[in-house]
Amino acid sequence: MAMIRVEPVPVRVRTDWLDGRPREITWGHERLSVTSLALVRDETSAYAVDVGPRTVFEVETSRARLALAFEHRTRRWTIDGLDEERRAA
């Protein structure tokens with residue numbers, strides 16, 4: 001099972017007040033609670049200056065494992081990948 005790349009989908013993400021970790025994702029009318037954080041990848045050096053840095057969070061929800069990207073310049077959250085077959089333990 002592998003993460004499937006998807007066209008970036010804009011979502012609303014509630015984060016922890018102290019450390020900025022995603023806690024809840026609102027995707028359309030559906031709310032998904034984040035059950036665990038699997039990976040944090042800082043991509044500050046991977047992009048040109050005009051595009052800006054981003055941070056990718058791989059999170060587990062009750063429905064699927066998601067790759068959330070936070071674009072620092074635009075302050076926008078998107079879902080860049082998902083794996084519906086992998087369930088949270």
# chains A, B, ... in the order shown; residues from 1 in each chain; ligands from 1

call {"tool": "select_by_dssp", "arguments": {"residues": "chain A", "states": "strand (DSSP E or B)", "output": "compact mmCIF listing (two decimals) with C-alpha atoms, in the first residue's frame"}}
result
# COMPACT_ATOMS: atom_id res chain seq x y z
CA ILE A 4 -1.53 8.04 -3.86
CA ARG A 5 -0.71 11.53 -5.11
CA VAL A 6 -3.81 13.58 -5.85
CA GLU A 7 -4.47 17.01 -7.26
CA PRO A 8 -4.08 19.34 -4.25
CA VAL A 9 -7.44 19.78 -2.51
CA PRO A 10 -7.90 22.85 -0.29
CA ARG A 12 -9.40 23.76 6.63
CA VAL A 13 -7.10 22.49 9.33
CA ARG A 14 -7.28 23.18 13.06
CA THR A 15 -3.88 22.97 14.70
CA PRO A 22 -2.80 19.31 12.77
CA ARG A 23 -5.65 18.21 15.09
CA GLU A 24 -8.76 18.33 12.87
CA ILE A 25 -9.33 18.49 9.10
CA THR A 26 -12.49 19.89 7.51
CA TRP A 27 -12.88 18.58 3.97
CA GLU A 30 -16.80 16.23 6.64
CA ARG A 31 -14.69 16.67 9.77
CA LEU A 32 -11.85 14.23 10.40
CA SER A 33 -10.02 14.09 13.71
CA VAL A 34 -6.30 13.42 13.46
CA THR A 35 -5.53 10.31 15.50
CA SER A 36 -1.74 10.36 15.07
CA LEU A 37 1.07 12.15 13.31
CA ALA A 38 3.23 9.80 11.26
CA LEU A 39 5.72 12.15 9.59
CA VAL A 40 6.73 15.81 9.36
CA ARG A 41 8.81 16.88 6.38
CA ASP A 42 10.22 20.42 6.20
CA ARG A 54 6.12 24.31 2.75
CA THR A 55 5.80 21.67 5.43
CA VAL A 56 4.22 18.27 4.77
CA PHE A 57 2.47 16.32 7.55
CA GLU A 58 1.47 12.69 7.08
CA VAL A 59 -1.40 12.11 9.49
CA GLU A 60 -3.66 9.20 10.40
CA THR A 61 -7.42 9.73 10.66
CA ARG A 65 -3.85 8.34 6.00
CA LEU A 66 -3.40 11.81 4.48
CA ALA A 67 -0.49 13.91 3.29
CA LEU A 68 -1.27 17.49 4.34
CA ALA A 69 0.83 20.32 2.96
CA PHE A 70 1.06 23.76 4.57
CA GLU A 71 2.33 26.49 2.24
CA ARG A 76 -2.87 27.54 2.76
CA TRP A 77 -3.49 23.89 3.67
CA THR A 78 -4.01 21.22 0.99
CA ILE A 79 -4.30 17.45 0.81
CA ASP A 80 -1.62 16.20 -1.59
CA GLY A 81 -2.00 12.46 -1.12
CA LEU A 82 -4.07 9.81 0.58
CA ASP A 83 -4.11 6.14 1.38

call {"tool": "atom_distance", "arguments": {"atom1": "atom CA of Ser45 of chain A", "atom2": "atom CA of Arg73 of chain A"}}
result
13.6 Å

call {"tool": "atom_distance", "arguments": {"atom1": "atom CA of Arg21 of chain A", "atom2": "atom CA of Tyr47 of chain A"}}
result
21.9 Å

call {"tool": "closest_residue", "arguments": {"among": "A:Thr74, A:Glu84, A:Ala64, A:Met3", "to": "Gly52 of chain A", "atoms": "only C-alpha atoms"}}
result
A:Thr74

call {"tool": "residues_around", "arguments": {"residues": "Pro53 of chain A", "least_positions_apart": "6", "cutoff": "6 Å", "atoms": "only C-alpha atoms", "output": "short mmCIF file (atom, residue, chain, number, x, y, z; two decimals) with N, CA, C and O atoms, in the first residue's frame"}}
result
data_model
loop_
_atom_site.label_atom_id
_atom_site.label_comp_id
_atom_site.auth_asym_id
_atom_site.auth_seq_id
_atom_site.Cartn_x
_atom_site.Cartn_y
_atom_site.Cartn_z
N GLU A 43 10.15 21.24 3.92
CA GLU A 43 10.65 21.41 2.55
C GLU A 43 11.05 22.85 2.28
O GLU A 43 10.80 23.39 1.22
N THR A 44 11.69 23.45 3.24
CA THR A 44 12.09 24.85 3.12
C THR A 44 13.06 25.07 1.96
O THR A 44 12.92 26.02 1.20
N HIS A 72 3.70 28.02 3.51
CA HIS A 72 3.95 29.11 4.45
C HIS A 72 3.67 30.48 3.85
O HIS A 72 3.16 31.35 4.54
#
